[in-house]
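Peer 1: One structure, pasted below without further comment.
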Amino acid sequence: MRYDHIRDGVFLSRPNRFIANVTIGGAVQVCHVKNTGRCRELLVPGARVWVQERDDPSRRTKYDLIAVLKGQRLINMDSSAPNAVFGEYLAAGRLFEAPSLIRPETVFGSSRFDFYVEAGPRRAFLEVKGVTLERDGEALFPDAPTERGVRHLRELIRARRAGFEAFAVFVIQMSGVRSFSPNSAVHPEFASSLREAREAGVNLLALDCRVTPESLEINGPVDILL
């Protein structure tokens, strides 16, 4: 996926989870933060960031915050991007050969999964999670407790038992990580649920990305350590 009208700036502060104050072209601007997660290790005063300028008079803010530089690593923090790039990944046949149906937002049980795919005799439900937390070369999810994430894993187990293929997909919105792991310190229940899902036959997939200020593209799988 690609972004247009990208500008660079310097992060100043985050008054609440929806907005950030950013210096752009010498002036302080209020930007929409397209990620309601904590992102405390990313959005630190003085961090270099990239924003997308939006020409929409109905918006309260003129800019969306897209990416941030953490050390030497550029991280996309747009929470809508993982589904978009994974949809491109599916459409390109990189997970299922010649899919005949790719349907977003499909209900199974009490959950709405991000994708339902048909490819030949295969029928699969897939749930996608974006990953922006990195420590010492390891990508981690979640960065805050996620009961919704636990529920999705349990529904994926039910889908698998009902005869469907099931995938929990973690799109790592950066490159150069060694591995992916559940963040047991932050949410032990999610970590244990992820292990239960794997034991129940749910496929676990972690994918890193090539990131520029103007684009995000899935690169390929990284090791998962449970």
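Residue names in the structure tokens use chain letters A, B, ... in the order shown, residue numbers from 1 in each chain, and ligand numbers from 1 in the order shown.
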Extract, using only C-alpha atoms, all DNA, RNA and protein residues at most 10 Å from A:Gly201, discarding same-chain residues fewer than 3 positions from it, and format them as a PyMOL selection string.
Peer 2: chain A and resi 156-157+160-161+165-167+196-198+204
Peer 1: Residues of the last selection are to be written out with N, CA and C atoms, as a JSON list (two decimals), in the first residue's frame.
Peer 2:
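After the write, selection_2.json holds the following:
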```json
[["chain", "number", "residue", "atom", "x", "y", "z"],
["A", 156, "LEU", "N", -11.32, -18.72, 16.67],
["A", 156, "LEU", "CA", -10.54, -19.42, 15.65],
["A", 156, "LEU", "C", -10.44, -20.91, 15.97],
["A", 157, "ILE", "N", -10.30, -21.25, 17.25],
["A", 157, "ILE", "CA", -10.29, -22.66, 17.65],
["A", 157, "ILE", "C", -11.63, -23.31, 17.30],
["A", 160, "ARG", "N", -11.79, -23.91, 13.60],
["A", 160, "ARG", "CA", -10.97, -25.08, 13.23],
["A", 160, "ARG", "C", -11.71, -26.37, 13.55],
["A", 161, "ARG", "N", -12.36, -26.44, 14.70],
["A", 161, "ARG", "CA", -13.08, -27.64, 15.09],
["A", 161, "ARG", "C", -14.31, -27.87, 14.22],
["A", 165, "GLU", "N", -10.09, -24.13, 7.96],
["A", 165, "GLU", "CA", -8.76, -23.71, 8.32],
["A", 165, "GLU", "C", -8.87, -22.40, 9.09],
["A", 166, "ALA", "N", -7.95, -22.17, 9.99],
["A", 166, "ALA", "CA", -7.98, -20.95, 10.79],
["A", 166, "ALA", "C", -6.57, -20.41, 10.93],
["A", 167, "PHE", "N", -6.45, -19.08, 10.83],
["A", 167, "PHE", "CA", -5.15, -18.42, 10.87],
["A", 167, "PHE", "C", -5.20, -17.22, 11.81],
["A", 196, "GLU", "N", -2.67, -22.42, 23.09],
["A", 196, "GLU", "CA", -3.82, -23.34, 22.96],
["A", 196, "GLU", "C", -4.31, -23.38, 21.52],
["A", 197, "ALA", "N", -4.32, -22.22, 20.87],
["A", 197, "ALA", "CA", -4.78, -22.16, 19.48],
["A", 197, "ALA", "C", -3.87, -22.99, 18.58],
["A", 198, "ARG", "N", -2.57, -22.86, 18.77],
["A", 198, "ARG", "CA", -1.65, -23.66, 17.96],
["A", 198, "ARG", "C", -1.87, -25.15, 18.19],
["A", 204, "LEU", "N", -0.46, -20.22, 12.94],
["A", 204, "LEU", "CA", 0.08, -18.95, 13.39],
["A", 204, "LEU", "C", 1.08, -18.45, 12.36]]
```
Peer 1: Leaving out stretch 80-85 of chain A and any residue of its chain fewer than 5 positions from it, which residues lie within 9 Å of it when counting only C-alpha atoms, given as a ChimeraX atom specification?
Peer 2: /A:1,34-35,90,114-115,128-131,170-173,216-218
Peer 1: Would you output that residue set with C-alpha atoms, as a PDB file, in the first residue's frame?
Peer 2:
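Result went into out16.pdb, see below:
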```pdb
ATOM      1  CA  MET A   1       0.000   0.000   0.000  1.00  0.00           C
ATOM      2  CA  LYS A  34      -4.163   6.302  13.536  1.00  0.00           C
ATOM      3  CA  ASN A  35      -3.384   3.933  16.391  1.00  0.00           C
ATOM      4  CA  LEU A  90      -3.856 -12.643  -0.169  1.00  0.00           C
ATOM      5  CA  ASP A 114     -10.900  -9.939   9.191  1.00  0.00           C
ATOM      6  CA  PHE A 115     -10.989 -12.333   6.210  1.00  0.00           C
ATOM      7  CA  VAL A 128      -5.044 -10.075  11.508  1.00  0.00           C
ATOM      8  CA  LYS A 129      -3.244  -8.181  14.257  1.00  0.00           C
ATOM      9  CA  GLY A 130      -0.837  -5.307  13.708  1.00  0.00           C
ATOM     10  CA  VAL A 131       2.403  -5.346  15.683  1.00  0.00           C
ATOM     11  CA  PHE A 170       0.545 -10.958  13.013  1.00  0.00           C
ATOM     12  CA  VAL A 171       1.631  -8.231  10.605  1.00  0.00           C
ATOM     13  CA  ILE A 172       4.827  -6.735  12.031  1.00  0.00           C
ATOM     14  CA  GLN A 173       4.868  -3.132  10.842  1.00  0.00           C
ATOM     15  CA  LEU A 216       4.111  -0.542   3.506  1.00  0.00           C
ATOM     16  CA  GLU A 217       4.523  -3.990   1.951  1.00  0.00           C
ATOM     17  CA  ILE A 218       4.646  -7.458   3.476  1.00  0.00           C
TER      18      ILE A 218
END
```
Peer 1: Mind checking which residues fall within 8 Å of A:Val68, counting only C-alpha atoms, ignoring those fewer than 6 positions away in the same chain, and posting them as a PyMOL selection string?
Peer 2: chain A and resi 42-43+47-50+74-77
Peer 1: From the DSSP assignment of the backbone, select every residue of stretch 6-217 of chain A that is alpha helix (DSSP H), and format the answer as a VMD selection string.
Peer 2: chain A and resid 81 to 91 147 to 161 188 to 199
Peer 1: Take the residues just selected and output them with C-alpha atoms as a PDB file, in the first residue's frame.
Peer 2:
```pdb
ATOM      1  CA  ALA A  81      -2.541  -0.714   7.401  1.00  0.00           C
ATOM      2  CA  PRO A  82      -2.129  -4.390   8.472  1.00  0.00           C
ATOM      3  CA  ASN A  83      -5.481  -5.433   7.017  1.00  0.00           C
ATOM      4  CA  ALA A  84      -4.819  -3.456   3.847  1.00  0.00           C
ATOM      5  CA  VAL A  85      -1.385  -4.963   3.184  1.00  0.00           C
ATOM      6  CA  PHE A  86      -2.508  -8.454   4.167  1.00  0.00           C
ATOM      7  CA  GLY A  87      -5.426  -8.136   1.733  1.00  0.00           C
ATOM      8  CA  GLU A  88      -2.854  -7.366  -0.976  1.00  0.00           C
ATOM      9  CA  TYR A  89      -0.813 -10.380   0.171  1.00  0.00           C
ATOM     10  CA  LEU A  90      -3.856 -12.643  -0.169  1.00  0.00           C
ATOM     11  CA  ALA A  91      -4.877 -11.215  -3.546  1.00  0.00           C
ATOM     12  CA  GLU A 147      -9.725  -9.403  25.807  1.00  0.00           C
ATOM     13  CA  ARG A 148     -10.913  -8.987  22.225  1.00  0.00           C
ATOM     14  CA  GLY A 149      -7.750 -10.721  21.032  1.00  0.00           C
ATOM     15  CA  VAL A 150      -8.350 -13.641  23.404  1.00  0.00           C
ATOM     16  CA  ARG A 151     -11.928 -13.957  22.161  1.00  0.00           C
ATOM     17  CA  HIS A 152     -10.737 -14.032  18.556  1.00  0.00           C
ATOM     18  CA  LEU A 153      -8.316 -16.850  19.333  1.00  0.00           C
ATOM     19  CA  ARG A 154     -11.052 -18.874  20.991  1.00  0.00           C
ATOM     20  CA  GLU A 155     -13.331 -18.355  17.995  1.00  0.00           C
ATOM     21  CA  LEU A 156     -10.537 -19.420  15.647  1.00  0.00           C
ATOM     22  CA  ILE A 157     -10.291 -22.658  17.653  1.00  0.00           C
ATOM     23  CA  ARG A 158     -14.045 -23.148  17.207  1.00  0.00           C
ATOM     24  CA  ALA A 159     -13.751 -22.500  13.474  1.00  0.00           C
ATOM     25  CA  ARG A 160     -10.974 -25.076  13.228  1.00  0.00           C
ATOM     26  CA  ARG A 161     -13.079 -27.640  15.088  1.00  0.00           C
ATOM     27  CA  PRO A 188      -0.488 -13.791  30.107  1.00  0.00           C
ATOM     28  CA  GLU A 189      -3.973 -14.977  29.070  1.00  0.00           C
ATOM     29  CA  PHE A 190      -3.364 -13.953  25.471  1.00  0.00           C
ATOM     30  CA  ALA A 191      -0.052 -15.829  25.449  1.00  0.00           C
ATOM     31  CA  SER A 192      -1.614 -18.992  26.856  1.00  0.00           C
ATOM     32  CA  SER A 193      -4.565 -18.696  24.440  1.00  0.00           C
ATOM     33  CA  LEU A 194      -2.156 -18.421  21.523  1.00  0.00           C
ATOM     34  CA  ARG A 195      -0.427 -21.624  22.596  1.00  0.00           C
ATOM     35  CA  GLU A 196      -3.816 -23.339  22.963  1.00  0.00           C
ATOM     36  CA  ALA A 197      -4.779 -22.158  19.479  1.00  0.00           C
ATOM     37  CA  ARG A 198      -1.648 -23.656  17.959  1.00  0.00           C
ATOM     38  CA  GLU A 199      -2.266 -26.960  19.753  1.00  0.00           C
TER      39      GLU A 199
END
```
Peer 1: Looking only at strand (DSSP E) from DSSP on the backbone, list the matching residues of chain A as a PyMOL selection string.
Peer 2: chain A and resi 6-16+19-24+27-33+48-53+63-70+73-76+101-108+111-119+122-131+133-135+138-141+165-172+179-182+203-212+215-221+223-224
Peer 1: Extract, using only C-alpha atoms, all DNA, RNA and protein residues at most 12 Å from A:Pro99, discarding same-chain residues fewer than 6 positions from it, and format them as a count of residues only.
Peer 2: 15
Peer 1: Have a look at atom CA of A:Met174 and atom CA of A:Tyr3 and let me know their distance in Å, one decimal.
Peer 2: 16.0 Å
Peer 1: Which of these, A:Asp223, A:Ala144, A:Gln29, A:Leu126, has the shortest distance to A:Leu95 once you count only C-alpha atoms?
Peer 2: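 Among the listed residues, A:Leu126 lies closest to A:Leu95.
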